[in-house]
>>> print(open('structure34.csv').read())   # CSV, C-alpha atoms
chain,number,residue,atom,x,y,z
A,581,MET,CA,-48.3,-6.0,-5.3
A,582,VAL,CA,-46.1,-2.9,-6.1
A,583,GLY,CA,-45.2,-2.6,-9.7
A,584,LYS,CA,-41.9,-1.7,-11.2
A,585,TYR,CA,-40.7,1.9,-11.8
A,586,LEU,CA,-37.9,2.9,-14.2
A,587,MET,CA,-35.7,5.9,-13.6
A,588,MET,CA,-33.2,7.2,-16.2
A,589,ASP,CA,-30.5,9.8,-16.0
A,590,GLY,CA,-29.3,10.8,-19.4
A,591,GLY,CA,-25.9,12.5,-19.1
A,592,GLY,CA,-23.2,13.5,-21.6
A,593,THR,CA,-21.1,10.4,-21.1
A,594,SER,CA,-23.7,7.7,-20.3
A,595,THR,CA,-27.3,7.0,-19.4
A,596,LYS,CA,-27.7,5.6,-16.0
A,597,VAL,CA,-30.8,3.4,-15.6
A,598,TYR,CA,-32.4,2.4,-12.2
A,599,LEU,CA,-35.2,-0.1,-11.8
A,600,TYR,CA,-37.2,0.0,-8.6
A,601,ASP,CA,-39.4,-3.0,-7.7
A,602,GLY,CA,-40.9,-1.6,-4.5
A,603,MET,CA,-38.0,-2.8,-2.3
A,604,ASN,CA,-34.7,-2.7,-4.2
A,605,ILE,CA,-33.1,-0.6,-6.8
A,606,SER,CA,-30.9,-2.2,-9.5
A,607,SER,CA,-28.8,-0.2,-11.9
A,608,SER,CA,-27.4,-0.5,-15.4
A,609,SER,CA,-25.7,1.8,-17.9
A,610,PHE,CA,-26.2,2.7,-21.6
A,611,PRO,CA,-24.6,5.2,-24.0
A,612,SER,CA,-25.3,8.9,-23.6
A,613,SER,CA,-28.7,10.3,-24.2
A,614,SER,CA,-27.9,14.0,-23.5
A,615,ALA,CA,-29.7,16.2,-26.1
A,616,SER,CA,-26.6,18.4,-26.3
A,617,THR,CA,-24.3,15.5,-26.9
A,618,VAL,CA,-26.1,13.3,-29.3
A,619,GLY,CA,-28.9,15.6,-30.5
A,620,LEU,CA,-32.5,15.7,-29.5
A,621,ASP,CA,-33.8,13.1,-32.0
A,622,SER,CA,-31.1,10.6,-31.0
A,623,ALA,CA,-31.6,11.2,-27.3
A,624,VAL,CA,-35.3,10.6,-27.6
A,625,GLU,CA,-34.8,7.5,-29.7
A,626,ARG,CA,-32.3,6.1,-27.1
A,627,ILE,CA,-34.6,6.8,-24.1
A,628,VAL,CA,-37.6,5.3,-25.8
A,629,GLN,CA,-35.6,2.1,-26.8
A,630,ILE,CA,-34.3,1.7,-23.2
A,631,GLY,CA,-37.7,2.3,-21.7
A,632,ARG,CA,-39.5,-0.2,-24.0
A,633,SER,CA,-36.9,-2.9,-23.3
A,634,PHE,CA,-38.2,-3.2,-19.7
A,635,GLY,CA,-41.7,-4.0,-20.6
A,636,HIS,CA,-44.8,-2.7,-18.7
A,637,LEU,CA,-44.0,-0.3,-15.9
A,638,GLU,CA,-46.0,1.6,-13.3
A,639,GLY,CA,-44.1,4.7,-14.0
A,640,ILE,CA,-41.0,6.2,-15.8
A,641,ALA,CA,-39.0,9.2,-14.7
A,642,ILE,CA,-36.4,10.7,-17.0
A,643,SER,CA,-33.7,13.2,-16.2
A,644,LEU,CA,-32.1,14.6,-19.4
A,645,ALA,CA,-29.1,16.9,-19.9
A,646,GLY,CA,-29.4,19.4,-22.7
A,647,LEU,CA,-33.0,20.4,-22.3
A,648,ASP,CA,-32.0,24.1,-21.9
A,649,THR,CA,-34.9,25.8,-23.6
A,650,GLU,CA,-38.6,25.5,-23.1
A,651,ARG,CA,-39.0,24.4,-26.7
A,652,LEU,CA,-36.6,21.6,-26.2
A,653,ARG,CA,-38.1,20.5,-22.9
A,654,THR,CA,-41.6,20.5,-24.4
A,655,ARG,CA,-40.6,18.7,-27.6
A,656,ALA,CA,-38.6,16.1,-25.8
A,657,THR,CA,-41.4,15.4,-23.4
A,658,GLU,CA,-44.0,15.1,-26.1
A,659,LEU,CA,-41.9,12.6,-28.1
A,660,ILE,CA,-40.8,10.5,-25.1
A,661,VAL,CA,-44.3,10.3,-23.7
A,662,LYS,CA,-45.7,9.3,-27.1
A,663,GLY,CA,-43.0,6.7,-27.6
A,664,LEU,CA,-43.6,5.1,-24.1
A,665,SER,CA,-47.3,5.5,-23.9
A,666,ASP,CA,-48.0,1.8,-24.4
A,667,VAL,CA,-45.3,0.9,-21.8
A,668,SER,CA,-46.5,3.2,-18.9
A,669,SER,CA,-49.3,5.7,-18.4
A,670,LEU,CA,-47.0,7.7,-16.1
A,671,VAL,CA,-44.0,9.2,-17.8
A,672,LYS,CA,-42.2,12.3,-16.4
A,673,VAL,CA,-39.4,14.1,-18.2
A,674,GLU,CA,-37.2,16.9,-16.5
A,675,HIS,CA,-34.0,18.7,-16.9
A,676,ASP,CA,-31.2,16.9,-15.1
A,677,ALA,CA,-30.3,19.9,-13.0
A,678,HIS,CA,-33.8,20.2,-11.6
A,679,VAL,CA,-33.9,16.5,-10.8
A,680,VAL,CA,-30.6,16.9,-8.9
A,681,LEU,CA,-32.1,19.7,-6.9
A,682,LEU,CA,-35.2,17.6,-6.1
A,683,SER,CA,-32.9,15.0,-4.8
A,684,ASN,CA,-32.0,17.4,-2.0
A,685,ALA,CA,-34.7,20.1,-1.7
A,686,LEU,CA,-37.7,21.6,-3.3
A,687,SER,CA,-35.9,24.9,-3.9
A,688,GLY,CA,-32.3,26.1,-3.7
A,689,CYS,CA,-29.1,25.8,-5.7
A,690,ILE,CA,-27.1,22.9,-7.2
A,691,VAL,CA,-24.0,22.5,-9.4
A,692,ILE,CA,-23.3,19.6,-11.8
A,693,SER,CA,-19.8,19.0,-13.2
A,694,GLY,CA,-19.6,16.0,-15.4
A,695,THR,CA,-18.9,16.2,-19.2
A,696,GLY,CA,-20.3,19.7,-18.9
A,697,THR,CA,-21.2,22.0,-16.1
A,698,ILE,CA,-24.2,23.9,-14.8
A,699,ALA,CA,-25.0,26.1,-11.8
A,700,TYR,CA,-28.8,25.9,-11.3
A,701,GLY,CA,-31.2,27.4,-8.9
A,702,TYR,CA,-35.0,27.4,-8.3
A,703,ASP,CA,-36.8,29.6,-5.9
A,704,GLY,CA,-40.2,27.9,-6.2
A,705,SER,CA,-41.3,29.8,-9.2
A,706,SER,CA,-38.4,30.8,-11.4
A,707,ARG,CA,-35.3,28.9,-12.7
A,708,TYR,CA,-31.9,30.4,-12.9
A,709,VAL,CA,-28.9,29.0,-14.9
A,710,MET,CA,-25.3,29.9,-15.3
A,711,ALA,CA,-22.4,28.0,-16.9
A,712,ASP,CA,-24.0,25.3,-19.1
A,713,ARG,CA,-24.9,26.3,-22.7
A,714,GLY,CA,-22.8,23.7,-24.4
A,715,TRP,CA,-19.1,23.0,-25.0
A,716,LEU,CA,-18.7,25.7,-27.8
A,717,VAL,CA,-19.2,28.6,-25.4
A,718,GLY,CA,-19.9,27.3,-21.9
A,719,ASP,CA,-19.4,24.3,-19.6
A,720,VAL,CA,-16.3,25.9,-18.1
A,721,GLY,CA,-14.6,23.7,-15.6
A,722,GLY,CA,-16.3,20.4,-16.7
A,723,GLY,CA,-14.8,17.2,-18.1
A,724,PHE,CA,-14.8,18.3,-21.7
A,725,TRP,CA,-13.3,21.7,-20.9
A,726,LEU,CA,-10.5,20.1,-18.8
A,727,GLY,CA,-9.9,17.4,-21.4
A,728,ARG,CA,-9.5,20.1,-24.1
A,729,GLN,CA,-7.0,21.9,-21.9
A,730,ALA,CA,-5.1,18.7,-21.5
A,731,LEU,CA,-4.9,18.3,-25.3
A,732,ARG,CA,-3.7,21.9,-25.6
A,733,LEU,CA,-1.0,21.5,-23.1
A,734,ALA,CA,0.1,18.2,-24.7
A,735,LEU,CA,0.4,20.0,-28.1
A,736,LEU,CA,2.6,22.7,-26.4
A,737,GLU,CA,4.8,20.0,-25.1
A,738,PHE,CA,5.4,18.4,-28.5
A,739,GLN,CA,6.1,21.8,-30.0
A,740,GLY,CA,8.7,22.6,-27.3
A,741,VAL,CA,6.8,25.4,-25.6
A,742,ARG,CA,6.4,23.4,-22.4
A,743,PRO,CA,9.7,21.8,-21.2
A,744,SER,CA,8.1,18.6,-19.8
A,745,ARG,CA,6.1,15.8,-21.4
A,746,LYS,CA,4.0,15.1,-18.3
A,747,VAL,CA,0.6,15.9,-19.8
A,748,SER,CA,1.1,14.2,-23.2
A,749,LYS,CA,2.4,11.1,-21.4
A,750,SER,CA,-0.4,11.0,-18.8
A,751,ILE,CA,-3.1,11.2,-21.5
A,752,GLY,CA,-1.5,8.5,-23.7
A,753,PHE,CA,0.3,10.3,-26.6
A,754,SER,CA,3.9,9.5,-27.4
A,755,THR,CA,4.2,11.6,-30.6
A,756,GLU,CA,2.8,14.8,-32.0
A,757,GLU,CA,1.5,12.8,-35.0
A,758,GLN,CA,-0.6,10.6,-32.7
A,759,LEU,CA,-2.0,13.7,-31.1
A,760,ILE,CA,-2.8,15.4,-34.4
A,761,GLU,CA,-4.6,12.3,-35.7
A,762,PHE,CA,-6.7,12.2,-32.6
A,763,LEU,CA,-7.5,15.9,-32.8
A,764,TYR,CA,-8.6,15.8,-36.4
A,765,ASN,CA,-10.8,12.7,-35.9
A,766,ASN,CA,-12.4,13.5,-32.5
A,767,SER,CA,-13.0,17.2,-32.2
A,768,CYS,CA,-16.7,16.8,-31.6
A,769,PHE,CA,-16.7,13.6,-29.5
A,770,GLN,CA,-17.3,15.2,-26.1
A,771,ASP,CA,-17.1,12.0,-24.1
A,772,ARG,CA,-13.7,11.0,-25.6
A,773,ILE,CA,-12.2,14.4,-24.8
A,774,ALA,CA,-13.7,14.5,-21.3
A,775,SER,CA,-12.0,11.2,-20.6
A,776,PHE,CA,-8.6,13.0,-20.3
A,777,ALA,CA,-9.8,15.2,-17.4
A,778,PRO,CA,-8.9,12.7,-14.6
A,779,ALA,CA,-5.4,12.4,-15.8
A,780,LEU,CA,-5.0,16.2,-15.9
A,781,LEU,CA,-6.3,16.4,-12.3
A,782,GLU,CA,-3.7,13.9,-11.2
A,783,LEU,CA,-1.0,16.4,-12.3
A,784,VAL,CA,-2.3,19.4,-10.4
A,785,GLU,CA,0.0,19.0,-7.4
A,786,ASP,CA,3.1,18.4,-9.5
A,787,ASP,CA,2.8,21.0,-12.3
A,788,GLU,CA,2.1,24.7,-11.6
A,789,GLU,CA,0.8,25.4,-15.1
A,790,VAL,CA,-1.6,22.5,-14.9
A,791,SER,CA,-2.7,23.7,-11.5
A,792,LEU,CA,-3.4,27.2,-12.7
A,793,THR,CA,-5.3,25.9,-15.8
A,794,VAL,CA,-7.6,23.7,-13.7
A,795,GLU,CA,-8.0,26.5,-11.1
A,796,GLN,CA,-9.1,28.9,-13.9
A,797,GLY,CA,-12.0,26.7,-14.8
A,798,VAL,CA,-13.0,25.8,-11.3
A,799,THR,CA,-12.9,29.4,-10.2
A,800,GLU,CA,-15.2,30.5,-13.0
A,801,LEU,CA,-17.6,27.7,-12.1
A,802,ALA,CA,-17.6,28.7,-8.4
A,803,ARG,CA,-18.4,32.3,-9.3
A,804,ASN,CA,-21.3,31.1,-11.4
A,805,VAL,CA,-22.5,29.1,-8.4
A,806,GLU,CA,-22.3,32.0,-6.0
A,807,SER,CA,-24.3,34.2,-8.5
A,808,VAL,CA,-27.1,31.6,-8.7
A,809,CYS,CA,-27.1,31.1,-4.9
A,810,ARG,CA,-27.6,34.8,-4.4
A,811,LYS,CA,-30.6,34.8,-6.8
A,812,VAL,CA,-32.4,32.1,-4.9
A,813,ASN,CA,-31.2,33.3,-1.5
A,814,SER,CA,-29.4,30.0,-0.7
A,815,GLN,CA,-26.3,29.6,1.5
A,816,VAL,CA,-25.8,26.0,0.4
A,817,VAL,CA,-25.0,24.4,-2.9
A,818,TYR,CA,-25.3,20.7,-3.5
A,819,TYR,CA,-22.7,19.3,-5.9
A,820,HIS,CA,-23.2,16.3,-8.3
A,821,GLY,CA,-21.4,14.8,-11.3
A,822,GLY,CA,-18.4,12.7,-12.2
A,823,MET,CA,-15.8,15.5,-11.8
A,824,PHE,CA,-16.6,15.7,-8.1
A,825,ASN,CA,-15.4,12.1,-7.8
A,826,SER,CA,-12.0,13.7,-7.7
A,827,HIS,CA,-10.9,14.8,-4.3
A,828,ILE,CA,-8.5,17.3,-5.8
A,829,TYR,CA,-11.3,18.9,-7.9
A,830,THR,CA,-13.8,18.9,-5.1
A,831,GLU,CA,-11.4,20.6,-2.6
A,832,MET,CA,-10.3,23.1,-5.2
A,833,PHE,CA,-14.0,24.0,-5.9
A,834,LYS,CA,-14.8,24.4,-2.2
A,835,LYS,CA,-11.8,26.7,-1.6
A,836,GLN,CA,-13.1,29.0,-4.4
A,837,LEU,CA,-16.4,29.5,-2.6
A,838,THR,CA,-16.3,32.6,-0.4
A,839,SER,CA,-19.7,32.5,1.3
A,840,ILE,CA,-21.5,29.3,0.2
A,841,GLU,CA,-21.3,25.9,1.9
A,842,ALA,CA,-20.9,23.0,-0.5
A,843,LYS,CA,-22.5,19.6,0.3
A,844,PRO,CA,-22.5,16.4,-1.8
A,845,SER,CA,-25.9,15.7,-3.4
A,846,ASN,CA,-28.1,12.8,-2.5
A,847,SER,CA,-28.5,10.1,-5.1
A,848,ILE,CA,-30.4,11.3,-8.2
A,849,THR,CA,-32.8,8.4,-7.6
A,850,LYS,CA,-34.3,10.5,-4.8
A,851,GLY,CA,-35.2,13.3,-7.3
A,852,LEU,CA,-36.4,10.8,-10.0
A,853,GLY,CA,-38.5,9.0,-7.4
A,854,ARG,CA,-40.0,12.3,-6.3
A,855,LEU,CA,-41.2,13.0,-9.8
A,856,LEU,CA,-43.1,9.7,-9.6
A,857,GLY,CA,-44.4,10.4,-6.1
A,858,LEU,CA,-42.1,7.9,-4.5
A,859,GLU,CA,-40.0,8.5,-1.4
A,860,LEU,CA,-36.7,6.5,-2.0
>>> encode(input="structure34.csv", output="structure tokens")
Amino acid sequence: MVGKYLMMDGGGTSTKVYLYDGMNISSSSFPSSSASTVGLDSAVERIVQIGRSFGHLEGIAISLAGLDTERLRTRATELIVKGLSDVSSLVKVEHDAHVVLLSNALSGCIVISGTGTIAYGYDGSSRYVMADRGWLVGDVGGGFWLGRQALRLALLEFQGVRPSRKVSKSIGFSTEEQLIEFLYNNSCFQDRIASFAPALLELVEDDEEVSLTVEQGVTELARNVESVCRKVNSQVVYYHGGMFNSHIYTEMFKKQLTSIEAKPSNSITKGLGRLLGLEL
């Protein structure tokens, strides 16, 4: 009898969990377990709690955002393996970008745009990263970056710099006081700020300033992707993440690529399964 395998994808907004019983895959969702969003200790604690809630398992594969240094990857792996050692003897932990790549190929280039962004490449021996590096200085073109731009444009509307109220209305603020209270109370809540990104994208075709703002972030992300693709000698980039659920965002991204073909990524369960030696 085939045992059960647990696969977890810890992103900046949520943790997607997949249970494979040898025939079918069921899914569920939990709060974020990205090390860059909730911190390493909280991310590990959440992953361990989720894993233990499923009882004995044949194997566990974990994809985590925010493991951007060797020290972080090593530390997270040690803590998670220790916390789940009595649940499964097979526990694999990897950076989410590498798992997305494994969902499509053993080497090459991928881009993730969700709460944050990353252009990632692997040539079989070395890893290459651009974009990424957290919301303070990086993650250009991702959900948080776009959500922050939406808030900035809304403030300009309330202060009379922008003639319309399109952005403030679309993201749910009717007064400057409401906006200020949100800004002061939510400046470090990445998922809340990223939640405004879809509304901003809906205005791209109706507002030139919004269009130029979004294009700025997407263009920089595309340049990062092209740079990584050159390093790993790839003519294809596989794209993944919530921002690519937007047709507007995806088409804008593709138009900014000059010599690279963009293809949608396979399900991340393929990469997680590959970590466990499974072909899903």
>>> closest_residue(input="structure34.csv", among="A:Leu858, A:Ala685, A:Ile828, A:Gly663", to="Asp601 in chain A", atoms="all atoms listed in the file")
A:Leu858
>>> closest_residue(input="structure34.csv", among="A:Arg772, A:Arg626, A:Arg707, A:Lys746", to="Arg728 in chain A", atoms="all atoms listed in the file")
A:Arg772
>>> closest_residue(input="structure34.csv", among="A:Leu856, A:Val667, A:Ala615, A:Met823", to="Thr649 in chain A", atoms="only C-alpha atoms")
A:Ala615
>>> atom_distance(input="structure34.csv", atom1="CA of Trp725 in chain A", atom2="CA of Gly592 in chain A")
12.9 Å
>>> closest_residue(input="structure34.csv", among="A:Pro743, A:Gly583, A:Gly721, A:Gly694", to="Val798 in chain A", atoms="all atoms listed in the file")
A:Gly721
>>> atom_distance(input="structure34.csv", atom1="CA of Gly635 in chain A", atom2="CA of Ser622 in chain A")
20.8 Å
>>> closest_residue(input="structure34.csv", among="A:Arg810, A:Arg632, A:Lys672, A:Arg651", to="Met587 in chain A", atoms="only C-alpha atoms")
A:Lys672
>>> residues_around(input="structure34.csv", residues="Lys811 in chain A", least_positions_apart="3", cutoff="10 Å", atoms="all atoms listed in the file", output="ChimeraX atom specification")
/A:688-689,701-703,706-708,806-808,814
>>> write_last_selection(input="structure34.csv", atoms="C-alpha atoms", output="compact mmCIF listing (two decimals), in the frame of the given file")
# COMPACT_ATOMS: atom_id res chain seq x y z
CA GLY A 688 -32.30 26.10 -3.70
CA CYS A 689 -29.10 25.80 -5.70
CA GLY A 701 -31.20 27.40 -8.90
CA TYR A 702 -35.00 27.40 -8.30
CA ASP A 703 -36.80 29.60 -5.90
CA SER A 706 -38.40 30.80 -11.40
CA ARG A 707 -35.30 28.90 -12.70
CA TYR A 708 -31.90 30.40 -12.90
CA GLU A 806 -22.30 32.00 -6.00
CA SER A 807 -24.30 34.20 -8.50
CA VAL A 808 -27.10 31.60 -8.70
CA SER A 814 -29.40 30.00 -0.70
>>> atom_distance(input="structure34.csv", atom1="CA of Val679 in chain A", atom2="CA of Leu852 in chain A")
6.3 Å
>>> axis_aligned_box(input="structure34.csv", around="range 762-778 of chain A", padding_each_side="4 Å", output="lines of an AutoDock Vina configuration file")
center_x = -12.0
center_y = 14.1
center_z = -25.5
size_x = 18.6
size_y = 14.2
size_z = 29.8
>>> residues_around(input="structure34.csv", residues="Thr755 in chain A", least_positions_apart="2", cutoff="12 Å", atoms="only C-alpha atoms", output="mmCIF file with C-alpha atoms, keeping the file's coordinate frame")
data_model
loop_
_atom_site.group_PDB
_atom_site.id
_atom_site.type_symbol
_atom_site.label_atom_id
_atom_site.label_comp_id
_atom_site.auth_asym_id
_atom_site.auth_seq_id
_atom_site.Cartn_x
_atom_site.Cartn_y
_atom_site.Cartn_z
ATOM 1 C CA ALA A 734 0.100 18.200 -24.700
ATOM 2 C CA LEU A 735 0.400 20.000 -28.100
ATOM 3 C CA LEU A 736 2.600 22.700 -26.400
ATOM 4 C CA GLU A 737 4.800 20.000 -25.100
ATOM 5 C CA PHE A 738 5.400 18.400 -28.500
ATOM 6 C CA GLN A 739 6.100 21.800 -30.000
ATOM 7 C CA ARG A 745 6.100 15.800 -21.400
ATOM 8 C CA SER A 748 1.100 14.200 -23.200
ATOM 9 C CA LYS A 749 2.400 11.100 -21.400
ATOM 10 C CA ILE A 751 -3.100 11.200 -21.500
ATOM 11 C CA GLY A 752 -1.500 8.500 -23.700
ATOM 12 C CA PHE A 753 0.300 10.300 -26.600
ATOM 13 C CA GLU A 757 1.500 12.800 -35.000
ATOM 14 C CA GLN A 758 -0.600 10.600 -32.700
ATOM 15 C CA LEU A 759 -2.000 13.700 -31.100
ATOM 16 C CA ILE A 760 -2.800 15.400 -34.400
ATOM 17 C CA GLU A 761 -4.600 12.300 -35.700
ATOM 18 C CA PHE A 762 -6.700 12.200 -32.600
#
>>> closest_residue(input="structure34.csv", among="A:Ala842, A:Val671, A:Val784, A:Val790", to="Phe824 in chain A", atoms="all atoms listed in the file")
A:Ala842
>>> residues_around(input="structure34.csv", residues="Val628 in chain A", least_positions_apart="5", cutoff="10 Å", atoms="only C-alpha atoms", output="list in words")
Ser622, Ala623, Ser633, Leu659, Ile660, Val661, Lys662, Gly663, Leu664, Ser665 and Val667 of chain A
>>> build_atoms(input="structure34.csv", residues="range 779-796 of chain A", atoms="N, CA, C and O atoms", output="PDB file, in the frame of the given file")
ATOM      1  N   ALA A 779      -6.826  12.398 -15.761  1.00  0.00           N
ATOM      2  CA  ALA A 779      -5.400  12.400 -15.800  1.00  0.00           C
ATOM      3  C   ALA A 779      -4.778  13.764 -15.606  1.00  0.00           C
ATOM      4  O   ALA A 779      -3.733  13.909 -14.957  1.00  0.00           O
ATOM      5  N   LEU A 780      -5.445  14.792 -16.127  1.00  0.00           N
ATOM      6  CA  LEU A 780      -5.000  16.200 -15.900  1.00  0.00           C
ATOM      7  C   LEU A 780      -5.039  16.520 -14.422  1.00  0.00           C
ATOM      8  O   LEU A 780      -4.113  17.125 -13.874  1.00  0.00           O
ATOM      9  N   LEU A 781      -6.119  16.121 -13.758  1.00  0.00           N
ATOM     10  CA  LEU A 781      -6.300  16.400 -12.300  1.00  0.00           C
ATOM     11  C   LEU A 781      -5.188  15.770 -11.500  1.00  0.00           C
ATOM     12  O   LEU A 781      -4.755  16.325 -10.478  1.00  0.00           O
ATOM     13  N   GLU A 782      -4.717  14.616 -11.921  1.00  0.00           N
ATOM     14  CA  GLU A 782      -3.700  13.900 -11.200  1.00  0.00           C
ATOM     15  C   GLU A 782      -2.344  14.681 -11.196  1.00  0.00           C
ATOM     16  O   GLU A 782      -1.461  14.432 -10.368  1.00  0.00           O
ATOM     17  N   LEU A 783      -2.199  15.613 -12.133  1.00  0.00           N
ATOM     18  CA  LEU A 783      -1.000  16.400 -12.300  1.00  0.00           C
ATOM     19  C   LEU A 783      -0.994  17.714 -11.553  1.00  0.00           C
ATOM     20  O   LEU A 783       0.002  18.440 -11.549  1.00  0.00           O
ATOM     21  N   VAL A 784      -2.139  18.052 -10.965  1.00  0.00           N
ATOM     22  CA  VAL A 784      -2.300  19.400 -10.400  1.00  0.00           C
ATOM     23  C   VAL A 784      -1.247  19.675  -9.321  1.00  0.00           C
ATOM     24  O   VAL A 784      -0.692  20.786  -9.271  1.00  0.00           O
ATOM     25  N   GLU A 785      -0.928  18.712  -8.481  1.00  0.00           N
ATOM     26  CA  GLU A 785       0.000  19.000  -7.400  1.00  0.00           C
ATOM     27  C   GLU A 785       1.475  18.938  -7.833  1.00  0.00           C
ATOM     28  O   GLU A 785       2.353  19.350  -7.065  1.00  0.00           O
ATOM     29  N   ASP A 786       1.745  18.494  -9.068  1.00  0.00           N
ATOM     30  CA  ASP A 786       3.100  18.400  -9.500  1.00  0.00           C
ATOM     31  C   ASP A 786       3.499  19.359 -10.638  1.00  0.00           C
ATOM     32  O   ASP A 786       4.672  19.433 -11.021  1.00  0.00           O
ATOM     33  N   ASP A 787       2.512  20.099 -11.163  1.00  0.00           N
ATOM     34  CA  ASP A 787       2.800  21.000 -12.300  1.00  0.00           C
ATOM     35  C   ASP A 787       2.027  22.274 -12.106  1.00  0.00           C
ATOM     36  O   ASP A 787       0.791  22.298 -12.107  1.00  0.00           O
ATOM     37  N   GLU A 788       2.753  23.363 -11.935  1.00  0.00           N
ATOM     38  CA  GLU A 788       2.100  24.700 -11.600  1.00  0.00           C
ATOM     39  C   GLU A 788       1.215  25.128 -12.766  1.00  0.00           C
ATOM     40  O   GLU A 788       0.130  25.665 -12.519  1.00  0.00           O
ATOM     41  N   GLU A 789       1.627  24.932 -14.013  1.00  0.00           N
ATOM     42  CA  GLU A 789       0.800  25.400 -15.100  1.00  0.00           C
ATOM     43  C   GLU A 789      -0.500  24.595 -15.206  1.00  0.00           C
ATOM     44  O   GLU A 789      -1.564  25.157 -15.471  1.00  0.00           O
ATOM     45  N   VAL A 790      -0.427  23.296 -14.946  1.00  0.00           N
ATOM     46  CA  VAL A 790      -1.600  22.500 -14.900  1.00  0.00           C
ATOM     47  C   VAL A 790      -2.543  22.958 -13.772  1.00  0.00           C
ATOM     48  O   VAL A 790      -3.763  23.107 -13.947  1.00  0.00           O
ATOM     49  N   SER A 791      -1.970  23.214 -12.615  1.00  0.00           N
ATOM     50  CA  SER A 791      -2.700  23.700 -11.500  1.00  0.00           C
ATOM     51  C   SER A 791      -3.467  24.978 -11.783  1.00  0.00           C
ATOM     52  O   SER A 791      -4.661  25.131 -11.482  1.00  0.00           O
ATOM     53  N   LEU A 792      -2.769  25.922 -12.400  1.00  0.00           N
ATOM     54  CA  LEU A 792      -3.400  27.200 -12.700  1.00  0.00           C
ATOM     55  C   LEU A 792      -4.472  27.047 -13.789  1.00  0.00           C
ATOM     56  O   LEU A 792      -5.494  27.737 -13.749  1.00  0.00           O
ATOM     57  N   THR A 793      -4.270  26.116 -14.712  1.00  0.00           N
ATOM     58  CA  THR A 793      -5.300  25.900 -15.800  1.00  0.00           C
ATOM     59  C   THR A 793      -6.553  25.322 -15.157  1.00  0.00           C
ATOM     60  O   THR A 793      -7.650  25.802 -15.458  1.00  0.00           O
ATOM     61  N   VAL A 794      -6.415  24.318 -14.303  1.00  0.00           N
ATOM     62  CA  VAL A 794      -7.600  23.700 -13.700  1.00  0.00           C
ATOM     63  C   VAL A 794      -8.273  24.764 -12.772  1.00  0.00           C
ATOM     64  O   VAL A 794      -9.505  24.905 -12.767  1.00  0.00           O
ATOM     65  N   GLU A 795      -7.471  25.507 -12.023  1.00  0.00           N
ATOM     66  CA  GLU A 795      -8.000  26.500 -11.100  1.00  0.00           C
ATOM     67  C   GLU A 795      -8.834  27.565 -11.860  1.00  0.00           C
ATOM     68  O   GLU A 795      -9.857  28.051 -11.366  1.00  0.00           O
ATOM     69  N   GLN A 796      -8.398  27.922 -13.061  1.00  0.00           N
ATOM     70  CA  GLN A 796      -9.100  28.900 -13.900  1.00  0.00           C
ATOM     71  C   GLN A 796     -10.564  28.449 -14.116  1.00  0.00           C
ATOM     72  O   GLN A 796     -11.520  29.208 -13.931  1.00  0.00           O
TER      73      GLN A 796
END
